[in-house]
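Below is target-v4.txt, holding compact mmCIF, C-alpha atoms.
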# COMPACT_ATOMS: atom_id res chain seq x y z
CA MET A 1 -16.45 2.20 54.90
CA ALA A 2 -17.99 2.55 58.31
CA SER A 3 -15.28 3.04 60.83
CA ARG A 4 -14.52 3.51 64.48
CA LYS A 5 -11.93 6.22 64.99
CA GLU A 6 -9.91 6.84 68.12
CA SER A 7 -7.89 10.03 68.43
CA GLY A 8 -4.69 9.97 70.45
CA SER A 9 -4.90 12.12 73.55
CA VAL A 10 -2.55 15.01 74.14
CA SER A 11 -1.34 13.54 77.43
CA SER A 12 -0.12 10.43 75.68
CA THR A 13 1.79 12.44 73.05
CA ALA A 14 0.23 10.07 70.57
CA MET A 15 2.16 9.54 67.39
CA ALA A 16 4.64 12.21 68.43
CA SER A 17 8.30 11.69 69.05
CA THR A 18 9.98 11.55 72.43
CA GLY A 19 10.95 14.97 73.61
CA GLY A 20 8.49 16.66 71.25
CA THR A 21 10.80 16.60 68.21
CA LEU A 22 10.90 14.55 65.05
CA ASP A 23 14.38 13.13 65.74
CA SER A 24 13.10 9.82 67.12
CA PRO A 25 9.55 9.28 65.85
CA VAL A 26 7.29 6.48 66.99
CA LYS A 27 7.88 3.38 64.87
CA GLN A 28 5.39 0.99 66.44
CA ILE A 29 2.12 1.05 68.39
CA GLN A 30 1.45 -1.45 71.15
CA ILE A 31 -2.19 -1.66 72.13
CA GLU A 32 -3.75 -3.73 74.89
CA GLY A 33 -6.24 -6.37 73.85
CA LEU A 34 -8.79 -4.92 76.29
CA VAL A 35 -8.56 -1.57 74.48
CA VAL A 36 -9.34 -3.29 71.17
CA LEU A 37 -12.43 -4.90 72.71
CA LYS A 38 -13.56 -1.52 74.10
CA ILE A 39 -13.21 0.06 70.66
CA ILE A 40 -15.31 -2.68 69.06
CA LYS A 41 -17.90 -2.50 71.84
CA HIS A 42 -18.17 1.28 71.51
CA TYR A 43 -19.08 1.07 67.84
CA GLN A 44 -21.51 -1.80 68.39
CA GLU A 45 -23.34 0.21 71.06
CA GLU A 46 -23.27 3.71 69.54
CA GLY A 47 -22.12 3.51 65.94
CA GLN A 48 -24.87 1.49 64.30
CA GLY A 49 -26.07 3.49 61.31
CA SER A 50 -23.28 6.05 61.71
CA GLU A 51 -20.17 6.33 59.59
CA VAL A 52 -17.81 7.42 62.38
CA VAL A 53 -17.80 7.32 66.16
CA GLN A 54 -14.91 8.80 68.13
CA GLY A 55 -13.05 8.33 71.37
CA VAL A 56 -9.85 9.18 73.16
CA LEU A 57 -6.82 6.93 73.63
CA LEU A 58 -4.59 7.01 76.69
CA GLY A 59 -1.02 5.81 76.82
CA LEU A 60 2.61 6.85 76.84
CA VAL A 61 5.68 6.82 74.62
CA VAL A 62 8.44 4.38 75.57
CA ASP A 63 11.55 4.69 73.38
CA ASP A 64 10.22 4.41 69.82
CA ARG A 65 7.00 2.63 70.84
CA LEU A 66 3.62 4.15 71.67
CA GLU A 67 1.84 2.02 74.29
CA ILE A 68 -1.96 2.40 74.36
CA THR A 69 -3.31 1.20 77.70
CA ASN A 70 -6.87 2.53 77.87
CA CYS A 71 -9.58 4.34 75.94
CA PHE A 72 -12.99 5.92 76.52
CA PRO A 73 -15.71 7.49 74.33
CA PHE A 74 -15.45 11.18 73.56
CA PRO A 75 -18.42 12.94 71.91
CA GLN A 76 -16.49 15.98 70.68
CA HIS A 77 -14.28 15.95 67.59
CA THR A 78 -10.64 16.59 68.40
CA GLU A 79 -7.79 17.49 66.06
CA ASP A 80 -4.82 15.35 67.07
CA ASP A 81 -1.85 13.74 65.42
CA ALA A 82 -3.00 10.12 65.59
CA ASP A 83 -6.04 8.30 64.27
CA PHE A 84 -6.99 4.68 64.83
CA ASP A 85 -9.36 3.27 62.26
CA GLU A 86 -11.35 0.09 62.86
CA ASP A 87 -13.50 -1.49 60.17
CA PRO A 88 -16.57 -2.91 61.93
CA ILE A 89 -17.81 -4.82 58.88
CA LYS A 90 -14.60 -6.80 58.50
CA THR A 91 -14.44 -7.25 62.27
CA ALA A 92 -17.99 -8.64 62.32
CA GLN A 93 -16.91 -11.21 59.74
CA GLY A 94 -14.12 -12.41 62.02
CA SER A 95 -11.26 -10.45 60.44
CA LEU A 96 -10.02 -7.72 62.79
CA SER A 97 -9.18 -4.61 60.79
CA LEU A 98 -7.37 -2.09 62.98
CA LYS A 99 -4.99 0.52 61.54
CA ALA A 100 -3.14 3.55 62.87
CA TYR A 101 -2.12 6.61 60.87
CA ARG A 102 -0.11 9.74 61.54
CA LEU A 103 0.69 12.90 59.63
CA THR A 104 3.81 12.79 57.52
CA PRO A 105 6.70 15.13 58.44
CA LYS A 106 5.97 17.26 55.35
CA LEU A 107 2.37 17.80 56.39
CA MET A 108 3.43 18.48 59.98
CA GLU A 109 5.61 21.34 58.71
CA ILE A 110 2.65 22.71 56.75
CA CYS A 111 0.50 22.53 59.89
CA LYS A 112 3.15 24.40 61.90
CA GLU A 113 3.33 27.16 59.30
CA LYS A 114 -0.48 27.08 58.82
CA ASP A 115 0.01 27.57 55.10
CA PHE A 116 -2.78 25.52 53.52
CA THR A 117 -2.97 27.59 50.33
CA PRO A 118 -2.71 25.78 46.99
CA GLU A 119 0.67 27.44 46.44
CA GLY A 120 1.98 26.30 49.84
CA LEU A 121 0.84 22.71 49.33
CA LYS A 122 2.27 22.67 45.81
CA LYS A 123 5.59 24.06 47.01
CA ALA A 124 5.80 21.33 49.68
CA SER A 125 4.79 18.66 47.10
CA ILE A 126 1.88 17.53 49.29
CA GLY A 127 -0.58 15.14 47.66
CA PHE A 128 -3.14 12.73 49.07
CA GLU A 129 -0.58 9.94 48.68
CA ASN A 130 1.86 11.44 51.19
CA MET A 131 -0.46 13.11 53.72
CA PHE A 132 -0.60 10.15 56.10
CA GLU A 133 1.61 7.20 56.86
CA GLU A 134 0.55 3.96 58.50
CA VAL A 135 2.19 2.82 61.73
CA PRO A 136 2.34 -0.91 62.54
CA ILE A 137 0.21 -2.11 65.45
CA VAL A 138 1.02 -4.90 67.90
CA ILE A 139 -1.75 -6.21 70.17
CA LYS A 140 -0.46 -7.18 73.60
CA ASN A 141 -2.23 -9.49 76.06
CA SER A 142 -1.25 -10.80 79.45
CA HIS A 143 -0.08 -14.40 79.80
CA LEU A 144 -3.37 -15.39 81.45
CA ILE A 145 -5.36 -13.97 78.53
CA ASN A 146 -3.14 -15.82 76.05
CA VAL A 147 -3.73 -19.10 77.93
CA LEU A 148 -7.49 -18.43 78.00
CA MET A 149 -7.56 -17.72 74.26
CA TRP A 150 -5.59 -20.87 73.54
CA ASP A 151 -8.01 -22.87 75.68
CA LEU A 152 -11.05 -21.36 73.96
CA GLU A 153 -9.56 -22.05 70.54
CA ASP A 154 -8.86 -25.64 71.52
CA LYS A 155 -12.45 -26.13 72.70
CA SER A 156 -14.02 -24.34 69.76
CA THR A 157 -16.22 -26.55 67.58
CA VAL A 158 -16.85 -24.02 64.82
CA ALA A 159 -16.16 -25.61 61.47
CA ASP A 160 -14.26 -23.43 59.00
CA LYS A 161 -13.95 -25.89 56.15
CA HIS A 162 -15.95 -23.74 53.76
CA GLU A 163 -14.54 -20.35 54.78
CA LEU A 164 -12.18 -20.41 51.81
CA LEU A 165 -15.06 -20.08 49.35
CA ASN A 166 -17.24 -17.84 51.49
CA LEU A 167 -18.61 -14.90 49.49
CA SER A 168 -20.24 -13.08 52.42
CA SER A 169 -18.75 -9.68 51.61
CA SER A 170 -21.74 -8.13 49.86
CA ASN A 171 -22.52 -5.83 52.82
CA HIS A 172 -18.95 -4.61 52.95
CA LEU A 173 -18.83 -4.09 49.18
CA GLU A 174 -22.18 -2.29 49.17
CA LYS A 175 -21.08 0.05 51.98
CA SER A 176 -17.77 0.79 50.27
CA LEU A 177 -19.53 1.59 46.99
CA GLN A 178 -22.04 3.84 48.74
CA LEU A 179 -19.30 5.79 50.51
CA LEU A 180 -17.32 5.94 47.28
CA MET A 181 -20.28 7.52 45.49
CA ASP A 182 -20.69 10.04 48.32
CA ARG A 183 -17.04 11.06 48.10
CA VAL A 184 -17.24 11.32 44.30
CA ASP A 185 -20.20 13.67 44.71
CA ASP A 186 -18.16 15.76 47.15
CA MET A 187 -15.28 15.83 44.67
CA SER A 188 -17.67 16.97 41.92
CA GLN A 189 -18.83 19.85 44.10
CA ASP A 190 -15.22 20.85 44.76
CA ILE A 191 -14.53 20.76 41.02
CA VAL A 192 -17.52 23.08 40.43
CA LYS A 193 -16.16 25.46 43.09
CA TYR A 194 -12.72 25.46 41.46
CA ASN A 195 -14.18 26.08 37.99
CA THR A 196 -16.17 29.00 39.41
CA TYR A 197 -13.02 30.38 41.02
CA SER A 198 -11.11 30.05 37.72
CA ARG A 199 -13.83 31.88 35.78
CA ASN A 200 -14.00 34.70 38.34
CA LEU A 201 -10.21 35.03 38.35
CA SER A 202 -10.06 35.13 34.55
CA LYS A 203 -12.89 37.70 34.43
CA GLN A 204 -11.13 39.89 36.96
CA GLN A 205 -7.85 39.69 35.03
CA GLN A 206 -9.67 40.85 31.90
CA GLN A 207 -11.28 43.75 33.77
CA LYS A 208 -7.92 44.73 35.21
CA HIS A 209 -6.29 44.63 31.77
CA GLN A 210 -9.08 46.72 30.24
CA TYR A 211 -8.81 49.26 33.05
CA LEU A 212 -5.06 49.63 32.55
CA GLN A 213 -5.54 50.07 28.81
CA ARG A 214 -8.19 52.80 29.32
CA ARG A 215 -5.94 54.53 31.83
CA GLN A 216 -2.98 54.38 29.46
CA GLN A 217 -5.06 55.85 26.60
CA GLU A 218 -6.39 58.61 28.83
CA ASN A 219 -2.87 59.53 29.99
CA ALA A 220 -1.75 59.67 26.35
CA GLN A 221 -4.60 62.05 25.54
CA ARG A 222 -3.84 64.21 28.59
CA GLN A 223 -0.17 64.33 27.60
CA SER A 224 -1.10 65.52 24.07
CA ARG A 225 -3.17 68.32 25.61
CA GLY A 226 -0.33 69.28 27.94
CA GLU A 227 -2.16 68.14 31.05
CA PRO A 228 -0.53 66.19 33.91
CA PRO A 229 -1.11 62.42 33.98
CA LEU A 230 -3.64 60.80 36.27
CA LEU A 231 -2.61 60.06 39.84
CA GLU A 232 -1.26 56.60 40.54
CA GLU A 233 -3.80 54.24 42.11
CA ASP A 234 -3.35 50.99 43.99
CA ILE A 235 -4.59 48.42 41.50
CA SER A 236 -4.46 45.59 44.06
CA LYS A 237 -7.07 47.35 46.21
CA MET A 238 -9.34 48.00 43.26
CA PHE A 239 -9.14 44.43 41.97
CA LYS A 240 -8.86 42.07 44.93
CA PRO A 241 -8.29 38.52 43.72
CA PRO A 242 -11.00 36.00 44.68
CA GLN A 243 -10.20 33.54 47.43
CA PRO A 244 -9.23 30.12 46.07
CA PRO A 245 -11.21 27.13 47.38
CA PRO A 246 -9.56 25.18 50.21
CA ARG A 247 -7.11 22.66 48.83
CA MET A 248 -6.80 20.51 51.95
CA ASP A 249 -10.42 19.31 51.82
CA THR A 250 -10.00 18.24 48.21
CA LEU A 251 -6.85 16.28 49.07
CA LEU A 252 -8.62 14.49 51.91
CA ILE A 253 -11.53 13.58 49.64
CA ALA A 254 -9.12 12.31 46.98
CA GLY A 255 -7.40 10.14 49.60
CA GLN A 256 -10.74 8.69 50.72
CA ILE A 257 -11.71 7.93 47.13
CA ASN A 258 -8.41 6.16 46.62
CA ASN A 259 -8.92 4.07 49.78
CA TYR A 260 -12.46 3.08 48.83
CA CYS A 261 -11.31 2.13 45.33
CA GLN A 262 -8.59 -0.07 46.83
CA ASN A 263 -11.17 -1.73 49.11
CA VAL A 264 -13.52 -2.40 46.21
CA LYS A 265 -10.65 -3.74 44.12
CA GLU A 266 -9.58 -6.07 46.93
CA LEU A 267 -13.10 -7.38 47.54
CA THR A 268 -13.96 -7.92 43.88
CA SER A 269 -10.64 -9.61 43.10
CA GLN A 270 -11.10 -12.02 46.02
CA ASN A 271 -14.67 -12.85 45.03
CA LEU A 272 -13.76 -13.34 41.37
CA GLY A 273 -10.97 -15.67 42.40
CA LYS A 274 -13.39 -17.69 44.53
CA LEU A 275 -15.91 -17.87 41.68
CA PHE A 276 -13.27 -19.23 39.32
CA MET A 277 -12.28 -21.80 41.94
CA VAL A 278 -15.90 -22.91 42.37
CA GLU A 279 -16.32 -23.15 38.59
CA ALA A 280 -13.20 -25.29 38.34
CA LEU A 281 -14.39 -27.58 41.16
CA GLN A 282 -17.80 -28.00 39.52
CA GLY A 283 -16.14 -28.85 36.22
CA HIS A 284 -14.31 -31.77 37.84
CA ASN A 285 -17.49 -33.19 39.39
Taking this structure as input, can you express it in the form of structure tokens?
Amino acid sequence: MASRKESGSVSSTAMASTGGTLDSPVKQIQIEGLVVLKIIKHYQEEGQGSEVVQGVLLGLVVDDRLEITNCFPFPQHTEDDADFDEDPIKTAQGSLSLKAYRLTPKLMEICKEKDFTPEGLKKASIGFENMFEEVPIVIKNSHLINVLMWDLEDKSTVADKHELLNLSSSNHLEKSLQLLMDRVDDMSQDIVKYNTYSRNLSKQQQQKHQYLQRRQQENAQRQSRGEPPLLEEDISKMFKPPQPPPRMDTLLIAGQINNYCQNVKELTSQNLGKLFMVEALQGHN
């Protein structure tokens, strides 16, 4: 789905533990209400028609809590530990969708060792299910803001009697399906790359085996003629194995596909439930 992402700044040690170790990791994120409004405003002004817009978060770590106090747009992509994801479609429908993720300790160790090979990820048992973990978010407002919101809610005349049966999620569902198809196409391309790598590796293994057989036969013939055997050669230099396709990109795509499938499942189940409720109400009339 379209999203607004905010990367934690280095100065705030976002999503890191106090002291720079993993002994006391951040367990909760406290974000100011003004920061949430800035994030929504940023996407509304710059993210229309785009899948992702980015910015930088500012804050500090207090005990086991990360306090986000400000944010501003940042045009460059940064690789940091924390990502905030805001769903503008759900937000536009009146349901604020704001989530925070961080890398799991297993993936952090992989990043430290910089071993992103398929063997390294397999050894660490890294899959798309355990690459990220969600951190709970608490939105904090001042007492004056809370009083103002209570006053506005009390004066609000918007009727929400029919919100229970509202089916206005077609835009969200359509966007999720479109992004799901895009990610499936990306996964298909990665599968083609892996199949090509497997064929090349198998072909090279056959060539290597044939070469060793010819060399063994030639040495046997030279030995029968009383000649010295051929000099030893470095087989690894003659037959360099092809580079495997990057595994990390495939895992990220698989995780995105899983998220989009969960979103579609959630939307369709809610709408089907509402349709059954409407059908039951019409049957009683």
- Query: Leaving out Glu218 (chain A) and any residue of its chain fewer than 3 positions from it, which residues lie within 12 Å of it when counting only C-alpha atoms, given as a PyMOL selection string?
  - Reply: chain A and resi 211-215+221-225+227-231
- Task: Go through A:Phe239, A:Gly127, A:Met187, A:Leu180 one by one, measure the shortest atom-to-atom distance of each to Lys203 (chain A) using all atoms listed in the file, and give the residue with the smallest value.
- Result: A:Phe239
- Counting all atoms listed in the file, figure out which residue out of A:Asn195, A:Gln189, A:Asn146, A:Thr104 gets nearest to Glu133 (chain A). A:Thr104
- Name the residues within 8 Å of (6.3, -4.2, 61.4), counting all atoms listed in the file in the file's coordinates, and put them as an MDAnalysis selection string. chainID A and resid 28 136:137
- Message: What's the separation between CA of Lys122 (chain A) and CA of Lys240 (chain A), in Å to one decimal place?
- Response: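 So the answer is 22.4 Å.
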- Please indicate the distance in Å from CA of Arg183 (chain A) to CA of Ile257 (chain A), rounded to one decimal place.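 For CA of Arg183 (chain A) relative to CA of Ile257 (chain A), the distance reads 6.3 Å.
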- Message: Quick check, in Å to one decimal: how far apart do CA of Val135 (chain A) and CA of Glu67 (chain A) lie?
- Response: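 Computed distance, CA of Val135 (chain A) to CA of Glu67 (chain A), equals 12.6 Å.
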- Return the single residue from A:Leu34, A:Leu58, A:Ile40, A:Leu66 that is closest to Ser97 (chain A), with distances computed using all atoms listed in the file.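 Among A:Leu34, A:Leu58, A:Ile40, A:Leu66, it is A:Ile40 that comes nearest to Ser97 (chain A).
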Only all heavy atoms needed: put region 185-197 of chain A from the block into a file as a PDB file, in the first residue's frame.
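The resulting result_39.pdb:
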ATOM      1  N   ASP A 185       5.332  -9.889  -9.537  1.00  0.00           N
ATOM      2  CA  ASP A 185       6.162  -9.800 -10.746  1.00  0.00           C
ATOM      3  C   ASP A 185       7.649  -9.753 -10.384  1.00  0.00           C
ATOM      4  O   ASP A 185       8.477 -10.395 -11.041  1.00  0.00           O
ATOM      5  CB  ASP A 185       5.776  -8.556 -11.550  1.00  0.00           C
ATOM      6  CG  ASP A 185       4.404  -8.688 -12.194  1.00  0.00           C
ATOM      7  OD1 ASP A 185       3.935  -9.835 -12.341  1.00  0.00           O
ATOM      8  OD2 ASP A 185       3.806  -7.651 -12.527  1.00  0.00           O
ATOM      9  N   ASP A 186       7.978  -8.979  -9.344  1.00  0.00           N
ATOM     10  CA  ASP A 186       9.379  -8.927  -8.903  1.00  0.00           C
ATOM     11  C   ASP A 186       9.857 -10.300  -8.422  1.00  0.00           C
ATOM     12  O   ASP A 186      10.996 -10.701  -8.707  1.00  0.00           O
ATOM     13  CB  ASP A 186       9.530  -7.908  -7.769  1.00  0.00           C
ATOM     14  CG  ASP A 186       9.266  -6.486  -8.223  1.00  0.00           C
ATOM     15  OD1 ASP A 186       9.370  -6.232  -9.444  1.00  0.00           O
ATOM     16  OD2 ASP A 186       8.947  -5.637  -7.367  1.00  0.00           O
ATOM     17  N   MET A 187       8.982 -11.000  -7.704  1.00  0.00           N
ATOM     18  CA  MET A 187       9.347 -12.340  -7.240  1.00  0.00           C
ATOM     19  C   MET A 187       9.548 -13.285  -8.419  1.00  0.00           C
ATOM     20  O   MET A 187      10.474 -14.122  -8.411  1.00  0.00           O
ATOM     21  CB  MET A 187       8.261 -12.873  -6.309  1.00  0.00           C
ATOM     22  CG  MET A 187       8.520 -14.282  -5.779  1.00  0.00           C
ATOM     23  SD  MET A 187      10.011 -14.390  -4.766  1.00  0.00           S
ATOM     24  CE  MET A 187       9.438 -13.568  -3.264  1.00  0.00           C
ATOM     25  N   SER A 188       8.724 -13.161  -9.459  1.00  0.00           N
ATOM     26  CA  SER A 188       8.885 -14.008 -10.644  1.00  0.00           C
ATOM     27  C   SER A 188      10.227 -13.749 -11.322  1.00  0.00           C
ATOM     28  O   SER A 188      10.897 -14.692 -11.770  1.00  0.00           O
ATOM     29  CB  SER A 188       7.736 -13.747 -11.629  1.00  0.00           C
ATOM     30  OG  SER A 188       6.485 -14.053 -11.041  1.00  0.00           O
ATOM     31  N   GLN A 189      10.637 -12.490 -11.372  1.00  0.00           N
ATOM     32  CA  GLN A 189      11.940 -12.182 -11.962  1.00  0.00           C
ATOM     33  C   GLN A 189      13.076 -12.770 -11.128  1.00  0.00           C
ATOM     34  O   GLN A 189      14.058 -13.280 -11.684  1.00  0.00           O
ATOM     35  CB  GLN A 189      12.094 -10.664 -12.078  1.00  0.00           C
ATOM     36  CG  GLN A 189      11.121 -10.012 -13.048  1.00  0.00           C
ATOM     37  CD  GLN A 189      11.264  -8.501 -13.093  1.00  0.00           C
ATOM     38  OE1 GLN A 189      12.155  -7.927 -12.468  1.00  0.00           O
ATOM     39  NE2 GLN A 189      10.382  -7.848 -13.826  1.00  0.00           N
ATOM     40  N   ASP A 190      12.926 -12.719  -9.807  1.00  0.00           N
ATOM     41  CA  ASP A 190      13.961 -13.316  -8.948  1.00  0.00           C
ATOM     42  C   ASP A 190      14.015 -14.827  -9.120  1.00  0.00           C
ATOM     43  O   ASP A 190      15.090 -15.434  -9.079  1.00  0.00           O
ATOM     44  CB  ASP A 190      13.682 -12.969  -7.484  1.00  0.00           C
ATOM     45  CG  ASP A 190      14.100 -11.547  -7.138  1.00  0.00           C
ATOM     46  OD1 ASP A 190      14.637 -10.863  -8.026  1.00  0.00           O
ATOM     47  OD2 ASP A 190      13.869 -11.119  -5.989  1.00  0.00           O
ATOM     48  N   ILE A 191      12.857 -15.449  -9.326  1.00  0.00           N
ATOM     49  CA  ILE A 191      12.826 -16.895  -9.555  1.00  0.00           C
ATOM     50  C   ILE A 191      13.527 -17.239 -10.866  1.00  0.00           C
ATOM     51  O   ILE A 191      14.275 -18.233 -10.961  1.00  0.00           O
ATOM     52  CB  ILE A 191      11.378 -17.403  -9.554  1.00  0.00           C
ATOM     53  CG1 ILE A 191      10.779 -17.283  -8.147  1.00  0.00           C
ATOM     54  CG2 ILE A 191      11.291 -18.842 -10.036  1.00  0.00           C
ATOM     55  CD1 ILE A 191       9.310 -17.651  -8.071  1.00  0.00           C
ATOM     56  N   VAL A 192      13.312 -16.417 -11.900  1.00  0.00           N
ATOM     57  CA  VAL A 192      13.996 -16.641 -13.183  1.00  0.00           C
ATOM     58  C   VAL A 192      15.504 -16.523 -13.010  1.00  0.00           C
ATOM     59  O   VAL A 192      16.289 -17.328 -13.546  1.00  0.00           O
ATOM     60  CB  VAL A 192      13.475 -15.647 -14.237  1.00  0.00           C
ATOM     61  CG1 VAL A 192      14.322 -15.719 -15.503  1.00  0.00           C
ATOM     62  CG2 VAL A 192      12.024 -15.929 -14.567  1.00  0.00           C
ATOM     63  N   LYS A 193      15.944 -15.518 -12.226  1.00  0.00           N
ATOM     64  CA  LYS A 193      17.376 -15.347 -11.976  1.00  0.00           C
ATOM     65  C   LYS A 193      17.955 -16.558 -11.241  1.00  0.00           C
ATOM     66  O   LYS A 193      19.052 -17.026 -11.551  1.00  0.00           O
ATOM     67  CB  LYS A 193      17.620 -14.077 -11.163  1.00  0.00           C
ATOM     68  CG  LYS A 193      17.292 -12.794 -11.906  1.00  0.00           C
ATOM     69  CD  LYS A 193      17.534 -11.585 -11.020  1.00  0.00           C
ATOM     70  CE  LYS A 193      17.180 -10.292 -11.735  1.00  0.00           C
ATOM     71  NZ  LYS A 193      17.375  -9.094 -10.855  1.00  0.00           N
ATOM     72  N   TYR A 194      17.199 -17.065 -10.260  1.00  0.00           N
ATOM     73  CA  TYR A 194      17.696 -18.221  -9.509  1.00  0.00           C
ATOM     74  C   TYR A 194      17.748 -19.463 -10.385  1.00  0.00           C
ATOM     75  O   TYR A 194      18.693 -20.253 -10.287  1.00  0.00           O
ATOM     76  CB  TYR A 194      16.804 -18.471  -8.304  1.00  0.00           C
ATOM     77  CG  TYR A 194      17.270 -19.632  -7.453  1.00  0.00           C
ATOM     78  CD1 TYR A 194      18.344 -19.490  -6.587  1.00  0.00           C
ATOM     79  CD2 TYR A 194      16.644 -20.877  -7.540  1.00  0.00           C
ATOM     80  CE1 TYR A 194      18.794 -20.563  -5.823  1.00  0.00           C
ATOM     81  CE2 TYR A 194      17.079 -21.941  -6.785  1.00  0.00           C
ATOM     82  CZ  TYR A 194      18.148 -21.781  -5.919  1.00  0.00           C
ATOM     83  OH  TYR A 194      18.593 -22.838  -5.184  1.00  0.00           O
ATOM     84  N   ASN A 195      16.747 -19.655 -11.249  1.00  0.00           N
ATOM     85  CA  ASN A 195      16.763 -20.812 -12.150  1.00  0.00           C
ATOM     86  C   ASN A 195      17.942 -20.726 -13.119  1.00  0.00           C
ATOM     87  O   ASN A 195      18.588 -21.742 -13.422  1.00  0.00           O
ATOM     88  CB  ASN A 195      15.450 -20.893 -12.920  1.00  0.00           C
ATOM     89  CG  ASN A 195      14.282 -21.288 -12.031  1.00  0.00           C
ATOM     90  OD1 ASN A 195      14.469 -21.913 -10.980  1.00  0.00           O
ATOM     91  ND2 ASN A 195      13.081 -20.923 -12.423  1.00  0.00           N
ATOM     92  N   THR A 196      18.227 -19.505 -13.589  1.00  0.00           N
ATOM     93  CA  THR A 196      19.385 -19.324 -14.472  1.00  0.00           C
ATOM     94  C   THR A 196      20.682 -19.648 -13.736  1.00  0.00           C
ATOM     95  O   THR A 196      21.587 -20.302 -14.277  1.00  0.00           O
ATOM     96  CB  THR A 196      19.423 -17.881 -14.995  1.00  0.00           C
ATOM     97  OG1 THR A 196      18.198 -17.589 -15.689  1.00  0.00           O
ATOM     98  CG2 THR A 196      20.596 -17.689 -15.942  1.00  0.00           C
ATOM     99  N   TYR A 197      20.775 -19.191 -12.487  1.00  0.00           N
ATOM    100  CA  TYR A 197      21.960 -19.496 -11.679  1.00  0.00           C
ATOM    101  C   TYR A 197      22.100 -21.004 -11.461  1.00  0.00           C
ATOM    102  O   TYR A 197      23.210 -21.557 -11.558  1.00  0.00           O
ATOM    103  CB  TYR A 197      21.861 -18.775 -10.340  1.00  0.00           C
ATOM    104  CG  TYR A 197      22.744 -19.344  -9.260  1.00  0.00           C
ATOM    105  CD1 TYR A 197      24.118 -19.109  -9.254  1.00  0.00           C
ATOM    106  CD2 TYR A 197      22.199 -20.128  -8.234  1.00  0.00           C
ATOM    107  CE1 TYR A 197      24.933 -19.638  -8.261  1.00  0.00           C
ATOM    108  CE2 TYR A 197      23.013 -20.653  -7.236  1.00  0.00           C
ATOM    109  CZ  TYR A 197      24.368 -20.411  -7.262  1.00  0.00           C
ATOM    110  OH  TYR A 197      25.167 -20.931  -6.271  1.00  0.00           O
TER     111      TYR A 197
END
